[in-house]
Amino acid sequence: DAQRLRGLGLPAFDIAIDLRHDDDTRALLWGIDAAVRVGFAGLSRLWPLDVALPEMEASARASGLLPPVNATTRLVLL
């Protein structure tokens with residue numbers, strides 16, 4: 001969890017990135033001392049991001065028209 005991560009005494013980072021669409025790991029970004037936090041926009045507003053990439057996974061699945069977005073496309077967004 002974020003508390004344990006803080007306890008590791010890691011140095012400060014310029015950027016922390018969470019590339020999961022699900023925001024269940026988003027809290028870990030707050031266990032890291034980072035100037036900027038980046039991730040895919042999620043439904044939860046509990047962990048706001050400095051840079052929120054557009055959510056594509058759920059909308060692609062819901063429409064049934066688009067295939068799931070692959071890792072390459074996600075990295076291109078970054």
# chains A, B, ... in the order shown; residues from 1 in each chain; ligands from 1
$ residues_around --residues "stretch 15-25 of chain A" --least-positions-apart "3" --cutoff "7 Å" --atoms "only C-alpha atoms" --output "list in words"
Leu28, Leu29, Ala34, Ala35, Val36, Arg37, Val38, Gly39, Phe40 and Gly42 of chain A
$ residues_around --residues "A:Gly7" --least-positions-apart "5" --cutoff "10 Å" --atoms "only C-alpha atoms" --output "ChimeraX atom specification"
/A:2,31-32
$ atom_distance --atom1 "atom CA of A:Trp47" --atom2 "atom CA of A:Gly9"
21.6 Å
$ atom_distance --atom1 "atom CA of A:Asp33" --atom2 "atom CA of A:Pro11"
7.2 Å
$ residues_around --residues "A:Ala41" --least-positions-apart "2" --cutoff "8 Å" --atoms "only C-alpha atoms" --output "list in words"
His21, Gly39, Leu43, Leu49, Ala52, Leu53, Pro54 and Glu55 of chain A
$ write_last_selection --atoms "N, CA, C and O atoms" --output "JSON list (two decimals), in the first residue's frame"
[["chain", "number", "residue", "atom", "x", "y", "z"],
["A", 21, "HIS", "N", -5.83, 0.96, -16.60],
["A", 21, "HIS", "CA", -7.10, 1.66, -16.76],
["A", 21, "HIS", "C", -7.88, 1.61, -15.46],
["A", 21, "HIS", "O", -8.49, 2.60, -15.07],
["A", 39, "GLY", "N", -1.94, 9.16, -15.44],
["A", 39, "GLY", "CA", -2.64, 7.90, -15.59],
["A", 39, "GLY", "C", -3.86, 8.08, -16.48],
["A", 39, "GLY", "O", -4.16, 9.18, -16.93],
["A", 43, "LEU", "N", -13.12, 6.29, -13.31],
["A", 43, "LEU", "CA", -14.43, 6.70, -12.83],
["A", 43, "LEU", "C", -14.34, 7.32, -11.44],
["A", 43, "LEU", "O", -15.15, 8.13, -11.05],
["A", 49, "LEU", "N", -5.38, 13.22, -10.88],
["A", 49, "LEU", "CA", -4.14, 13.15, -11.64],
["A", 49, "LEU", "C", -3.77, 14.53, -12.16],
["A", 49, "LEU", "O", -4.63, 15.34, -12.46],
["A", 52, "ALA", "N", -4.33, 13.46, -17.03],
["A", 52, "ALA", "CA", -5.26, 12.33, -17.16],
["A", 52, "ALA", "C", -5.43, 12.00, -18.64],
["A", 52, "ALA", "O", -5.94, 12.81, -19.41],
["A", 53, "LEU", "N", -4.96, 10.83, -19.03],
["A", 53, "LEU", "CA", -5.13, 10.37, -20.40],
["A", 53, "LEU", "C", -6.59, 9.95, -20.58],
["A", 53, "LEU", "O", -7.23, 9.51, -19.63],
["A", 54, "PRO", "N", -7.12, 10.07, -21.80],
["A", 54, "PRO", "CA", -8.52, 9.72, -21.99],
["A", 54, "PRO", "C", -8.79, 8.24, -21.74],
["A", 54, "PRO", "O", -8.02, 7.38, -22.15],
["A", 55, "GLU", "N", -9.88, 7.97, -21.06],
["A", 55, "GLU", "CA", -10.31, 6.60, -20.80],
["A", 55, "GLU", "C", -10.85, 6.04, -22.12],
["A", 55, "GLU", "O", -11.67, 6.66, -22.77]]
$ atom_distance --atom1 "atom CA of A:Leu5" --atom2 "atom CA of A:Ala27"
10.5 Å
